[in-house]
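Content type mmCIF, C-alpha atoms, from the file upload07.cif:
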```
data_start
#
loop_
_atom_site.group_PDB
_atom_site.id
_atom_site.type_symbol
_atom_site.label_atom_id
_atom_site.label_comp_id
_atom_site.auth_asym_id
_atom_site.auth_seq_id
_atom_site.Cartn_x
_atom_site.Cartn_y
_atom_site.Cartn_z
ATOM 1 C CA MET X 12 40.148 68.004 -1.948
ATOM 2 C CA LYS X 13 36.900 68.433 -3.808
ATOM 3 C CA LYS X 14 35.095 71.679 -4.412
ATOM 4 C CA VAL X 15 31.320 71.873 -4.050
ATOM 5 C CA VAL X 16 28.826 74.707 -4.371
ATOM 6 C CA ILE X 17 25.834 74.815 -2.038
ATOM 7 C CA LYS X 18 22.640 74.725 -4.071
ATOM 8 C CA SER X 19 19.969 74.330 -1.433
ATOM 9 C CA GLU X 20 17.632 77.304 -1.155
ATOM 10 C CA HIS X 21 18.012 77.745 2.603
ATOM 11 C CA GLY X 22 21.630 76.711 2.919
ATOM 12 C CA ILE X 23 22.910 74.033 5.246
ATOM 13 C CA HIS X 24 20.536 74.467 8.194
ATOM 14 C CA ALA X 25 19.554 71.880 10.803
ATOM 15 C CA ARG X 26 18.053 69.155 8.591
ATOM 16 C CA PRO X 27 20.733 69.083 5.860
ATOM 17 C CA ALA X 28 23.465 69.440 8.481
ATOM 18 C CA SER X 29 22.090 66.357 10.228
ATOM 19 C CA GLN X 30 22.146 64.407 6.934
ATOM 20 C CA ILE X 31 25.789 65.337 6.343
ATOM 21 C CA VAL X 32 26.887 64.690 9.920
ATOM 22 C CA ASN X 33 25.041 61.363 10.147
ATOM 23 C CA TYR X 34 26.834 60.202 7.001
ATOM 24 C CA ALA X 35 30.210 61.536 8.188
ATOM 25 C CA GLN X 36 29.900 59.913 11.613
ATOM 26 C CA LYS X 37 29.472 56.498 10.018
ATOM 27 C CA SER X 38 32.666 56.905 8.024
ATOM 28 C CA PRO X 39 35.998 55.803 9.489
ATOM 29 C CA CYS X 40 37.628 58.699 7.583
ATOM 30 C CA GLU X 41 38.401 62.125 8.986
ATOM 31 C CA ILE X 42 36.244 64.613 7.137
ATOM 32 C CA PHE X 43 36.613 68.379 7.181
ATOM 33 C CA PHE X 44 34.825 71.110 5.279
ATOM 34 C CA ILE X 45 36.914 74.137 4.426
ATOM 35 C CA LYS X 46 35.583 77.614 3.859
ATOM 36 C CA ASP X 47 37.627 80.818 3.792
ATOM 37 C CA ASP X 48 40.664 78.952 5.207
ATOM 38 C CA ASN X 49 38.679 77.710 8.216
ATOM 39 C CA ARG X 50 38.295 73.966 8.799
ATOM 40 C CA TYR X 51 35.091 72.494 10.192
ATOM 41 C CA ASN X 52 34.656 68.928 11.421
ATOM 42 C CA ALA X 53 31.939 67.245 9.346
ATOM 43 C CA LYS X 54 31.176 64.906 12.263
ATOM 44 C CA SER X 55 29.968 67.828 14.404
ATOM 45 C CA ILE X 56 26.469 69.313 14.034
ATOM 46 C CA MET X 57 27.602 72.525 15.741
ATOM 47 C CA ASN X 58 30.595 72.850 13.401
ATOM 48 C CA ILE X 59 28.559 72.319 10.250
ATOM 49 C CA MET X 60 25.637 74.546 11.294
ATOM 50 C CA GLY X 61 28.183 77.063 12.520
ATOM 51 C CA MET X 62 29.520 77.420 8.973
ATOM 52 C CA GLY X 63 26.255 79.209 8.222
ATOM 53 C CA LEU X 64 26.389 77.972 4.627
ATOM 54 C CA LYS X 65 24.106 79.788 2.226
ATOM 55 C CA LYS X 66 23.045 79.043 -1.319
ATOM 56 C CA GLY X 67 25.937 79.782 -3.676
ATOM 57 C CA ASP X 68 28.679 79.330 -1.061
ATOM 58 C CA GLU X 69 31.690 77.353 -2.210
ATOM 59 C CA ILE X 70 33.415 74.880 0.082
ATOM 60 C CA PHE X 71 36.136 72.269 -0.123
ATOM 61 C CA ILE X 72 35.825 68.757 1.255
ATOM 62 C CA GLU X 73 38.937 67.231 2.773
ATOM 63 C CA VAL X 74 38.840 63.506 3.482
ATOM 64 C CA THR X 75 41.669 61.509 5.036
ATOM 65 C CA GLY X 76 41.631 57.768 5.464
ATOM 66 C CA GLU X 77 40.732 54.565 3.715
ATOM 67 C CA GLU X 78 38.509 54.683 0.654
ATOM 68 C CA LYS X 79 38.811 58.451 0.629
ATOM 69 C CA GLU X 80 37.641 58.737 -3.003
ATOM 70 C CA SER X 81 34.356 56.933 -2.443
ATOM 71 C CA VAL X 82 33.653 59.007 0.672
ATOM 72 C CA GLU X 83 34.361 62.221 -1.258
ATOM 73 C CA GLU X 84 32.067 61.117 -4.063
ATOM 74 C CA ALA X 85 29.270 60.171 -1.670
ATOM 75 C CA LEU X 86 29.534 63.528 0.118
ATOM 76 C CA LEU X 87 29.477 65.452 -3.155
ATOM 77 C CA LYS X 88 26.336 63.586 -4.205
ATOM 78 C CA LEU X 89 24.736 64.092 -0.803
ATOM 79 C CA ILE X 90 25.415 67.842 -0.744
ATOM 80 C CA GLU X 91 24.226 68.258 -4.314
ATOM 81 C CA SER X 92 21.036 66.334 -3.550
ATOM 82 C CA ILE X 93 20.072 68.738 -0.759
ATOM 83 C CA ASN X 94 17.536 71.118 -2.213
ATOM 84 C CA ALA X 95 15.492 72.401 0.665
ATOM 85 C CA MET N 8 42.850 61.875 40.569
ATOM 86 C CA LEU N 9 39.309 61.606 41.869
ATOM 87 C CA GLY N 10 38.388 64.529 39.629
ATOM 88 C CA ILE N 11 38.260 62.404 36.511
ATOM 89 C CA PHE N 12 35.601 60.197 38.073
ATOM 90 C CA LYS N 13 33.545 63.107 39.270
ATOM 91 C CA LYS N 14 30.051 63.074 37.845
ATOM 92 C CA LYS N 15 29.206 66.088 35.757
ATOM 93 C CA THR N 16 25.627 67.259 35.926
ATOM 94 C CA VAL N 17 24.317 70.245 34.029
ATOM 95 C CA ASN N 18 21.142 71.855 35.328
ATOM 96 C CA LEU N 19 18.748 73.045 32.651
ATOM 97 C CA MET N 20 16.840 76.267 33.094
ATOM 98 C CA MET N 21 13.681 76.668 31.021
ATOM 99 C CA PRO N 22 14.742 78.784 28.012
ATOM 100 C CA ILE N 23 11.221 79.871 27.003
ATOM 101 C CA GLU N 24 7.999 80.183 28.978
ATOM 102 C CA GLY N 25 5.824 77.253 27.939
ATOM 103 C CA GLN N 26 5.365 73.515 28.128
ATOM 104 C CA VAL N 27 8.117 70.903 27.993
ATOM 105 C CA ILE N 28 7.251 68.100 25.572
ATOM 106 C CA SER N 29 9.027 65.013 24.250
ATOM 107 C CA ILE N 30 11.537 65.423 21.405
ATOM 108 C CA GLU N 31 9.620 62.585 19.741
ATOM 109 C CA ALA N 32 6.560 64.838 19.506
ATOM 110 C CA VAL N 33 8.344 67.415 17.324
ATOM 111 C CA PRO N 34 6.646 67.638 13.892
ATOM 112 C CA ASP N 35 9.945 67.280 11.977
ATOM 113 C CA PRO N 36 11.599 63.863 11.602
ATOM 114 C CA ALA N 37 15.100 65.380 11.705
ATOM 115 C CA PHE N 38 14.346 66.162 15.355
ATOM 116 C CA SER N 39 11.806 63.508 16.355
ATOM 117 C CA GLN N 40 14.100 60.747 15.069
ATOM 118 C CA LYS N 41 16.971 62.393 16.938
ATOM 119 C CA MET N 42 19.034 62.933 13.784
ATOM 120 C CA LEU N 43 20.532 65.989 15.468
ATOM 121 C CA GLY N 44 20.743 64.361 18.878
ATOM 122 C CA ASP N 45 18.587 63.625 21.890
ATOM 123 C CA GLY N 46 16.891 66.318 23.930
ATOM 124 C CA PHE N 47 13.445 67.731 24.562
ATOM 125 C CA ALA N 48 11.171 70.369 23.069
ATOM 126 C CA ILE N 49 9.118 73.336 24.170
ATOM 127 C CA LYS N 50 5.684 74.597 23.172
ATOM 128 C CA PRO N 51 6.417 78.296 23.682
ATOM 129 C CA ASN N 52 3.996 80.834 25.169
ATOM 130 C CA SER N 53 6.435 83.640 24.503
ATOM 131 C CA GLY N 54 9.103 84.705 22.038
ATOM 132 C CA ASN N 55 11.771 85.526 24.611
ATOM 133 C CA VAL N 56 14.516 82.918 24.527
ATOM 134 C CA TYR N 57 16.972 82.740 27.440
ATOM 135 C CA SER N 58 20.024 80.587 27.843
ATOM 136 C CA PRO N 59 19.278 77.270 29.591
ATOM 137 C CA VAL N 60 22.928 76.964 30.707
ATOM 138 C CA SER N 61 25.970 79.120 31.377
ATOM 139 C CA GLY N 62 28.712 78.928 28.786
ATOM 140 C CA LYS N 63 29.719 80.287 25.417
ATOM 141 C CA ILE N 64 27.896 80.890 22.138
ATOM 142 C CA VAL N 65 29.454 78.567 19.550
ATOM 143 C CA GLN N 66 27.014 78.776 16.692
ATOM 144 C CA ARG N 67 24.444 81.185 15.355
ATOM 145 C CA PHE N 68 22.776 80.456 12.072
ATOM 146 C CA PRO N 69 22.596 83.515 9.745
ATOM 147 C CA THR N 70 18.780 83.516 9.922
ATOM 148 C CA ASN N 71 18.921 83.677 13.760
ATOM 149 C CA HIS N 72 16.489 80.792 14.301
ATOM 150 C CA ALA N 73 19.141 78.441 15.728
ATOM 151 C CA ILE N 74 21.743 79.086 18.399
ATOM 152 C CA GLY N 75 24.422 76.724 19.693
ATOM 153 C CA ILE N 76 25.910 76.921 23.170
ATOM 154 C CA GLU N 77 28.770 75.083 24.809
ATOM 155 C CA SER N 78 28.111 75.003 28.525
ATOM 156 C CA THR N 79 30.820 75.633 31.103
ATOM 157 C CA GLU N 80 30.864 71.835 31.635
ATOM 158 C CA GLY N 81 31.385 71.294 27.882
ATOM 159 C CA LEU N 82 27.827 70.190 27.045
ATOM 160 C CA GLU N 83 26.711 71.190 23.533
ATOM 161 C CA VAL N 84 23.172 72.585 23.391
ATOM 162 C CA LEU N 85 21.319 73.593 20.244
ATOM 163 C CA ILE N 86 18.186 75.739 20.490
ATOM 164 C CA HIS N 87 16.159 75.614 17.279
ATOM 165 C CA PHE N 88 13.217 78.036 17.473
ATOM 166 C CA GLY N 89 10.221 76.654 15.578
ATOM 167 C CA ILE N 90 9.969 74.194 12.717
ATOM 168 C CA ASN N 91 10.995 75.147 9.170
ATOM 169 C CA THR N 92 11.643 78.650 10.487
ATOM 170 C CA VAL N 93 14.790 78.792 8.336
ATOM 171 C CA GLU N 94 12.326 79.648 5.539
ATOM 172 C CA LEU N 95 11.506 82.964 7.234
ATOM 173 C CA ASN N 96 15.026 84.175 6.353
ATOM 174 C CA GLY N 97 15.502 85.886 9.688
ATOM 175 C CA GLU N 98 12.262 87.936 9.578
ATOM 176 C CA GLY N 99 10.705 88.036 13.033
ATOM 177 C CA PHE N 100 13.940 86.994 14.777
ATOM 178 C CA LYS N 101 16.032 89.460 16.754
ATOM 179 C CA ASN N 102 19.300 88.076 18.005
ATOM 180 C CA HIS N 103 21.104 89.449 21.085
ATOM 181 C CA VAL N 104 24.345 87.421 21.095
ATOM 182 C CA GLU N 105 27.343 86.728 18.878
ATOM 183 C CA VAL N 106 29.569 83.676 18.496
ATOM 184 C CA GLY N 107 32.245 83.792 21.189
ATOM 185 C CA ASP N 108 30.077 85.650 23.746
ATOM 186 C CA TYR N 109 30.138 84.261 27.268
ATOM 187 C CA ILE N 110 26.642 83.969 28.703
ATOM 188 C CA GLU N 111 25.005 83.052 31.984
ATOM 189 C CA ALA N 112 21.945 80.818 32.322
ATOM 190 C CA GLY N 113 18.997 83.195 32.062
ATOM 191 C CA ASP N 114 20.621 85.698 29.675
ATOM 192 C CA LEU N 115 18.351 86.798 26.835
ATOM 193 C CA LEU N 116 19.576 85.245 23.561
ATOM 194 C CA LEU N 117 16.825 85.882 21.083
ATOM 195 C CA THR N 118 13.490 87.648 20.730
ATOM 196 C CA VAL N 119 11.003 86.115 18.337
ATOM 197 C CA ASP N 120 7.845 87.723 16.997
ATOM 198 C CA ILE N 121 5.674 84.648 17.545
ATOM 199 C CA ASP N 122 2.659 86.167 15.791
ATOM 200 C CA TYR N 123 4.767 86.648 12.669
ATOM 201 C CA VAL N 124 5.937 83.024 12.850
ATOM 202 C CA LYS N 125 2.350 81.782 13.317
ATOM 203 C CA ASP N 126 1.061 83.994 10.490
ATOM 204 C CA HIS N 127 3.536 82.220 8.202
ATOM 205 C CA GLU N 128 2.153 78.849 9.258
ATOM 206 C CA LYS N 129 5.290 77.691 10.997
ATOM 207 C CA SER N 130 5.113 75.654 14.162
ATOM 208 C CA LEU N 131 6.545 77.364 17.249
ATOM 209 C CA ILE N 132 7.656 74.048 18.710
ATOM 210 C CA THR N 133 11.273 74.514 19.711
ATOM 211 C CA PRO N 134 13.608 71.540 20.020
ATOM 212 C CA ILE N 135 16.469 71.787 22.514
ATOM 213 C CA VAL N 136 19.037 69.242 21.383
ATOM 214 C CA PHE N 137 22.264 67.934 22.888
ATOM 215 C CA THR N 138 24.280 67.558 19.714
ATOM 216 C CA LYS N 139 27.245 65.545 20.992
ATOM 217 C CA SER N 140 25.653 62.203 21.776
ATOM 218 C CA ASP N 141 28.789 60.673 23.314
ATOM 219 C CA GLN N 142 28.639 63.279 26.105
ATOM 220 C CA ILE N 143 25.196 62.249 27.274
ATOM 221 C CA LYS N 144 24.642 59.720 30.011
ATOM 222 C CA LYS N 145 21.121 60.661 30.999
ATOM 223 C CA ILE N 146 18.645 63.423 30.245
ATOM 224 C CA VAL N 147 15.997 64.108 32.868
ATOM 225 C CA VAL N 148 13.272 66.648 32.110
ATOM 226 C CA ASP N 149 9.970 67.396 33.718
ATOM 227 C CA TYR N 150 7.202 67.367 31.091
ATOM 228 C CA SER N 151 5.206 70.249 32.575
ATOM 229 C CA ASP N 152 4.545 73.967 32.225
ATOM 230 C CA PHE N 153 7.257 76.365 33.333
ATOM 231 C CA GLU N 154 7.988 80.038 33.539
ATOM 232 C CA ALA N 155 11.194 81.047 31.764
ATOM 233 C CA ASN N 156 14.363 80.385 33.774
ATOM 234 C CA GLN N 157 12.827 77.886 36.200
ATOM 235 C CA LYS N 158 14.765 74.651 36.530
ATOM 236 C CA CYS N 159 13.165 72.157 34.130
ATOM 237 C CA GLY N 160 15.646 69.291 34.146
ATOM 238 C CA ARG N 161 19.237 68.173 34.038
ATOM 239 C CA VAL N 162 21.757 66.313 31.935
ATOM 240 C CA ASP N 163 24.188 63.831 33.441
ATOM 241 C CA MET N 164 27.347 63.746 31.372
ATOM 242 C CA HIS N 165 29.911 61.009 30.911
#
```

Using structure tokens, write down the structure from this file.
Amino acid sequence: MKKVVIKSEHGIHARPASQIVNYAQKSPCEIFFIKDDNRYNAKSIMNIMGMGLKKGDEIFIEVTGEEKESVEEALLKLIESINA
Amino acid sequence: MLGIFKKKTVNLMMPIEGQVISIEAVPDPAFSQKMLGDGFAIKPNSGNVYSPVSGKIVQRFPTNHAIGIESTEGLEVLIHFGINTVELNGEGFKNHVEVGDYIEAGDLLLTVDIDYVKDHEKSLITPIVFTKSDQIKKIVVDYSDFEANQKCGRVDMH
């Protein structure tokens, strides 16, 4: 699991959620985001928007499957690149 | 056994008084390029937002500008009031439902101060998106003007 802190000013709203989910859906891995012991499917827009992530929130990324490390790295980069 | 072959159709009631327009006409590529899913959009004449379907509230963004519903048939529907309205940080948005609430088509979900939104130079155009693309067989909407809660279309599900 990798830890990541949300840096985008307005949190993970519709547009950033769509970027994350579109990446996750292309991956053969299972991808979950974990916050406060709750697991959210990163392939679901409703799940990711439903996390209501705000700037400063800390989440964990859980990836299972082939090439898990590269998927984790790509997701970390993607989430850190979201600024708006 | 026949049940599994039964066609599921979800009728859509107009969630906001206004004009139905194409999702492709939404001035935000995340929506117009269907990054969040296919659907349609509304040019609102009013800030009262009603549920287009019966079901359960599954998502409410902290700033109240976006609400997710799972219909009784299982269809996921996201209502996103306005464009870039996340930047208003919830000002001008009064929410009437919580995650987990069961709602009927026509129940009031949200009241938006549309003058406040316009004064902050945000578009009122409201995408209605079906976020689980594998559920969708066909979306049929009538691109016309409607009162709130009139039937404006339907979704055929797989």

- Apply the PyMOL selection byres ((chain N) within 12 of (chain X)) to the displayed file and report the matching residues as a ChimeraX atom specification. /N:35-44,64-77,82-97,105-107,134,136-141

- Once the PyMOL selection byres ((chain X and resi 67-83) around 12) has been applied to the shown file, what residues remain in the selection, as a ChimeraX atom specification? /X:12-23,31,34-54,59,62-66,84-91

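The two atoms in question, atom CA of N:Glu128 and atom CA of N:Phe100, are spaced 15.4 Å apart.
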
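If you apply the PyMOL selection byres ((chain N and resi 164) around 8) to this structure, you end up with N:Lys14, N:Lys15, N:Thr16, N:Val17, N:Leu82, N:Gln142, N:Ile143, N:Lys144, N:Lys145, N:Val162, N:Asp163, N:His165.
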
Can you sort out the box for stretch 143-162 of chain N, edges along x, y and z, all listed atoms in, 4 Å on every side, with centre and edge lengths in Å to one decimal, as lines of an AutoDock Vina configuration file?
```
center_x = 14.9
center_y = 70.4
center_z = 31.9
size_x = 28.7
size_y = 29.3
size_z = 17.3
```

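From atom CA of N:Pro34 back to atom CA of N:Tyr150, the distance works out to 17.2 Å.
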
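You can rank N:Phe47, N:Asn102, N:Ile23, N:Glu80 by their closest distance to N:Ile146 using all atoms listed in the file, and at the top of that list sits N:Phe47.
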
- Residue among N:Thr133, N:Val56, N:Leu117, N:Cys159 lying closest to N:His103, counting all atoms listed in the file: N:Leu117

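By only C-alpha atoms, and with residues fewer than 2 positions from N:Ile28 along its chain excluded, the set lying at most 8 Å from it is N:Gln26, N:Ile30, N:Ala32, N:Phe47, N:Ala48, N:Ile49, N:Lys50, N:Tyr150, N:Ser151.
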
Restrict the selected residues to C-alpha atoms and save them as a PDB file, in the coordinates of the input.
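As written to disk, selection.pdb reads:
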```
ATOM      1  CA  GLN N  26       5.365  73.515  28.128  1.00  0.00           C
ATOM      2  CA  ILE N  30      11.537  65.423  21.405  1.00  0.00           C
ATOM      3  CA  ALA N  32       6.560  64.838  19.506  1.00  0.00           C
ATOM      4  CA  PHE N  47      13.445  67.731  24.562  1.00  0.00           C
ATOM      5  CA  ALA N  48      11.171  70.369  23.069  1.00  0.00           C
ATOM      6  CA  ILE N  49       9.118  73.336  24.170  1.00  0.00           C
ATOM      7  CA  LYS N  50       5.684  74.597  23.172  1.00  0.00           C
ATOM      8  CA  TYR N 150       7.202  67.367  31.091  1.00  0.00           C
ATOM      9  CA  SER N 151       5.206  70.249  32.575  1.00  0.00           C
TER      10      SER N 151
END
```

- Go ahead and compute the interatomic distance for atom CA of N:Val60 and atom CA of N:Asp45, in Å to one decimal. 16.6 Å

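The closest residue to N:Met21, picked from N:Pro51, N:Gly99, N:Gly62, N:Gly81 and counting all atoms listed in the file, is N:Pro51.
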
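For the set N:Tyr109, N:Tyr123, N:Phe153, N:Tyr57, the residue with the smallest atom-to-atom gap to N:Glu24 is N:Phe153, counting all atoms listed in the file.
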